[in-house]
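Novice: Below is one structure. I have some questions about it.
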Amino acid sequence: MRDHSLSTGKKIILGIVGLILAITLVVVGLGAKVYFDVRGSADQTYESVKRNNPAKREQAVDLEEQDPFSVLLLGIDTGDLGRTEQGRSDTMMVATVNPKEKKTTIVSIARDTYVPIVGHGTDDKINHAYAFGGAAMSMDTVESYLDIPIDHYVAINMKGLKELVDAVGGVEVSNSGEFTQSGYTFKHGLNTLDGDRALAFSRMRKEDPRGDYGRQERQRAIVVGVVKKLLSMDGITKYQEVLEAMESNVTTDMHFADMKKIVLNYRDAFTNVKTEQMQGEGFMQDNISYQRVSEDELQRVQDILKGELDL
């Protein structure tokens, strides 16, 4: 996160980091009760996926050997404002975790990016893959588009973002320009956000000259703020609130046993987070707005991710 601001409140690294750092409680030795609380919450977030496309990996990632791996982070536009439908992946990021380099790289993909939807037979906005086929179709589509293996996914809904921000006692973010959204005014510079303000901060797009790309930067900022709180003792002391926020709002195909291995073997990689934004150009087709990514830009991002995955 170059601007060290993650994606829209419902962000995603809260998924992988919220989930995984909650399990860090086990490592820091807060006792048997905490261990079983975390395991119980992790079990409730587990949701397997049935991939239609064969994975790009010939061999599964070996977490004991500290193989680099990737996670598709999905922010789903349900769970808030009364939405209960399947929803779309309003936010989509790919995180690569490389313990040998002690680095995590997160690439944001604009939700309107025009791509072939794998398993649906159409070209459409990339965020429609989730609406058409859930996490599995999203993983297949992103894997094909970026030409890298997508090993896991973490999804969190809008309500989850709000609850997670409140669970850690609010977050601090930097704002590049004053604006008002949903009745809240956000000043230039540092702002302290509770859950409701975080959602409003993450939603503004029309007043931003960068459009959806500016919104994605603010979303990343919220995620980073949550991660910082989770890494602090303040976040750890609020572990029950964090777990409650995750149980009903986060889903992932990572088992608890895998999460423990990641905490034990990969934790240093989460202390150095870099972000990239895949850039596109807007175009209209059938009166619908899309983003088209050039071949050079797509290749640039693919090269970054392949390098992080040692491919």
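Just remember, in the structure tokens the first chain shown is A, the second B, etc., residues are 1-based per chain, and ligands are 1-based in the order shown.
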I'd like the neighbourhood of Gln66 in chain A as a compact mmCIF listing (two decimals) with C-alpha atoms, in the first residue's frame, where a residue qualifies if any of its atoms comes within 12 Å (using only C-alpha atoms), though same-chain residues fewer than 6 positions away should be ignored.

Specialist:
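Output contents, as saved in around-v1.txt:
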```txt
# COMPACT_ATOMS: atom_id res chain seq x y z
CA ALA A 60 0.28 -27.26 -3.15
CA VAL A 97 3.01 -13.16 1.21
CA ASN A 98 6.72 -13.90 0.93
CA PRO A 99 8.35 -14.84 4.25
CA LYS A 100 11.85 -15.11 2.81
CA GLU A 101 11.68 -11.50 1.63
CA LYS A 102 9.69 -10.60 4.77
CA ASP A 258 -3.12 -23.33 8.19
CA LYS A 261 1.28 -22.13 10.50
CA ILE A 262 1.03 -18.74 8.82
CA VAL A 263 1.23 -16.96 12.16
CA LEU A 264 4.23 -19.01 13.24
CA ASN A 265 6.12 -19.00 9.94
CA TYR A 266 5.03 -15.83 8.12
CA ARG A 267 4.43 -13.17 10.74
CA ASP A 268 7.46 -11.07 9.79
CA ALA A 269 6.09 -10.74 6.26
CA LEU A 309 5.61 -15.72 -5.56
CA ASP A 310 9.03 -16.87 -6.86
```

Novice: Write out as JSON, numbers by chain each polymer residue whose atoms come within 7 Å of Asp147 in chain A, counting only C-alpha atoms; drop sequence neighbours fewer than 3 positions from it.

Specialist: {"A": [143, 144, 302]}

Novice: Can you list, as a VMD selection string, every protein, DNA or RNA residue that comes within 7 Å of range 192-208 of chain A when you count only C-alpha atoms, leaving out same-chain residues fewer than 3 positions away?

Specialist: chain A and resid 8 to 9 162 to 163 165 to 166 170 to 173 181 to 182 184 211 to 212 214 to 215 218 to 219

Novice: DSSP on the backbone, strand (DSSP E) only: what residues of range 142-269 of chain A does that give? Format it as a ChimeraX atom specification.

Specialist: /A:152-157,171-175,179-181,184-186,189-193,250-252

Novice: What would the file look like if the residues just selected were written as a PDB file, in the first residue's frame with N, CA and C atoms?

Specialist:
```pdb
ATOM      1  N   HIS A 152      -5.739 -18.876  -1.922  1.00  0.00           N
ATOM      2  CA  HIS A 152      -6.810 -18.786  -0.929  1.00  0.00           C
ATOM      3  C   HIS A 152      -7.622 -17.525  -1.170  1.00  0.00           C
ATOM      4  N   TYR A 153      -8.726 -17.417  -0.459  1.00  0.00           N
ATOM      5  CA  TYR A 153      -9.507 -16.188  -0.503  1.00  0.00           C
ATOM      6  C   TYR A 153      -9.938 -15.815   0.913  1.00  0.00           C
ATOM      7  N   VAL A 154     -10.178 -14.528   1.106  1.00  0.00           N
ATOM      8  CA  VAL A 154     -10.813 -14.015   2.316  1.00  0.00           C
ATOM      9  C   VAL A 154     -11.836 -12.989   1.862  1.00  0.00           C
ATOM     10  N   ALA A 155     -13.068 -13.118   2.320  1.00  0.00           N
ATOM     11  CA  ALA A 155     -14.119 -12.166   1.967  1.00  0.00           C
ATOM     12  C   ALA A 155     -14.701 -11.565   3.241  1.00  0.00           C
ATOM     13  N   ILE A 156     -14.997 -10.271   3.190  1.00  0.00           N
ATOM     14  CA  ILE A 156     -15.632  -9.603   4.330  1.00  0.00           C
ATOM     15  C   ILE A 156     -16.689  -8.652   3.787  1.00  0.00           C
ATOM     16  N   ASN A 157     -17.842  -8.581   4.465  1.00  0.00           N
ATOM     17  CA  ASN A 157     -18.888  -7.699   3.973  1.00  0.00           C
ATOM     18  C   ASN A 157     -18.788  -6.317   4.622  1.00  0.00           C
ATOM     19  N   VAL A 171      -9.824   3.761  14.134  1.00  0.00           N
ATOM     20  CA  VAL A 171      -8.543   3.800  13.423  1.00  0.00           C
ATOM     21  C   VAL A 171      -8.208   5.243  13.054  1.00  0.00           C
ATOM     22  N   GLU A 172      -6.941   5.484  12.825  1.00  0.00           N
ATOM     23  CA  GLU A 172      -6.467   6.799  12.392  1.00  0.00           C
ATOM     24  C   GLU A 172      -6.002   6.712  10.949  1.00  0.00           C
ATOM     25  N   VAL A 173      -6.491   7.639  10.103  1.00  0.00           N
ATOM     26  CA  VAL A 173      -6.119   7.635   8.689  1.00  0.00           C
ATOM     27  C   VAL A 173      -5.708   9.045   8.275  1.00  0.00           C
ATOM     28  N   SER A 174      -4.941   9.119   7.210  1.00  0.00           N
ATOM     29  CA  SER A 174      -4.535  10.401   6.648  1.00  0.00           C
ATOM     30  C   SER A 174      -5.391  10.686   5.423  1.00  0.00           C
ATOM     31  N   ASN A 175      -5.894  11.913   5.331  1.00  0.00           N
ATOM     32  CA  ASN A 175      -6.778  12.310   4.237  1.00  0.00           C
ATOM     33  C   ASN A 175      -6.121  13.417   3.420  1.00  0.00           C
ATOM     34  N   PHE A 179     -13.443  16.637   2.555  1.00  0.00           N
ATOM     35  CA  PHE A 179     -14.701  16.348   1.856  1.00  0.00           C
ATOM     36  C   PHE A 179     -15.758  15.944   2.871  1.00  0.00           C
ATOM     37  N   THR A 180     -17.009  15.962   2.435  1.00  0.00           N
ATOM     38  CA  THR A 180     -18.135  15.550   3.258  1.00  0.00           C
ATOM     39  C   THR A 180     -18.837  14.378   2.605  1.00  0.00           C
ATOM     40  N   GLN A 181     -19.158  13.364   3.407  1.00  0.00           N
ATOM     41  CA  GLN A 181     -19.841  12.172   2.876  1.00  0.00           C
ATOM     42  C   GLN A 181     -20.758  11.625   3.971  1.00  0.00           C
ATOM     43  N   TYR A 184     -20.841  13.258   7.353  1.00  0.00           N
ATOM     44  CA  TYR A 184     -19.579  13.410   8.077  1.00  0.00           C
ATOM     45  C   TYR A 184     -18.617  14.260   7.253  1.00  0.00           C
ATOM     46  N   THR A 185     -17.889  15.146   7.923  1.00  0.00           N
ATOM     47  CA  THR A 185     -16.858  15.939   7.259  1.00  0.00           C
ATOM     48  C   THR A 185     -15.488  15.415   7.657  1.00  0.00           C
ATOM     49  N   PHE A 186     -14.655  15.170   6.664  1.00  0.00           N
ATOM     50  CA  PHE A 186     -13.313  14.641   6.886  1.00  0.00           C
ATOM     51  C   PHE A 186     -12.301  15.721   6.515  1.00  0.00           C
ATOM     52  N   GLY A 189      -5.565  15.891   6.389  1.00  0.00           N
ATOM     53  CA  GLY A 189      -4.631  15.428   7.406  1.00  0.00           C
ATOM     54  C   GLY A 189      -5.176  14.234   8.156  1.00  0.00           C
ATOM     55  N   LEU A 190      -4.777  14.084   9.409  1.00  0.00           N
ATOM     56  CA  LEU A 190      -5.153  12.912  10.190  1.00  0.00           C
ATOM     57  C   LEU A 190      -6.599  12.995  10.677  1.00  0.00           C
ATOM     58  N   ASN A 191      -7.315  11.859  10.538  1.00  0.00           N
ATOM     59  CA  ASN A 191      -8.683  11.738  11.013  1.00  0.00           C
ATOM     60  C   ASN A 191      -8.813  10.455  11.819  1.00  0.00           C
ATOM     61  N   THR A 192      -9.529  10.526  12.942  1.00  0.00           N
ATOM     62  CA  THR A 192      -9.820   9.326  13.723  1.00  0.00           C
ATOM     63  C   THR A 192     -11.239   8.870  13.393  1.00  0.00           C
ATOM     64  N   LEU A 193     -11.372   7.611  13.021  1.00  0.00           N
ATOM     65  CA  LEU A 193     -12.650   7.102  12.524  1.00  0.00           C
ATOM     66  C   LEU A 193     -13.188   5.983  13.394  1.00  0.00           C
ATOM     67  N   VAL A 250     -16.939 -12.570   7.996  1.00  0.00           N
ATOM     68  CA  VAL A 250     -15.771 -13.001   7.223  1.00  0.00           C
ATOM     69  C   VAL A 250     -15.931 -14.457   6.813  1.00  0.00           C
ATOM     70  N   THR A 251     -15.552 -14.773   5.584  1.00  0.00           N
ATOM     71  CA  THR A 251     -15.454 -16.169   5.142  1.00  0.00           C
ATOM     72  C   THR A 251     -14.099 -16.371   4.482  1.00  0.00           C
ATOM     73  N   THR A 252     -13.558 -17.575   4.612  1.00  0.00           N
ATOM     74  CA  THR A 252     -12.263 -17.902   4.016  1.00  0.00           C
ATOM     75  C   THR A 252     -12.155 -19.407   3.842  1.00  0.00           C
TER      76      THR A 252
END
```

Novice: My list of candidates is A:Ile148, A:Val227, A:Val115, A:Met259. Which is closest to Asp303 in chain A when distances are computed with only C-alpha atoms?

Specialist: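 Among the listed residues, A:Ile148 lies closest to Asp303 in chain A.
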
Novice: A:Ala42, A:Ile222, A:Val94, A:Leu74: which is nearest Gln277 in chain A, counting only C-alpha atoms?

Specialist: A:Val94

Novice: How many Å lie between CA of Glu65 in chain A and CA of His255 in chain A, rounded to one decimal?

Specialist: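 Those two atoms sit 17.4 Å apart.
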
Novice: What lies within 9 Å of Ser248 in chain A using only C-alpha atoms, ignoring chain neighbours under 5 positions off, as a list in words?

Specialist: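 Once the adjacent positions are removed, what remains is Gln44, Thr45 and Gly160 of chain A.
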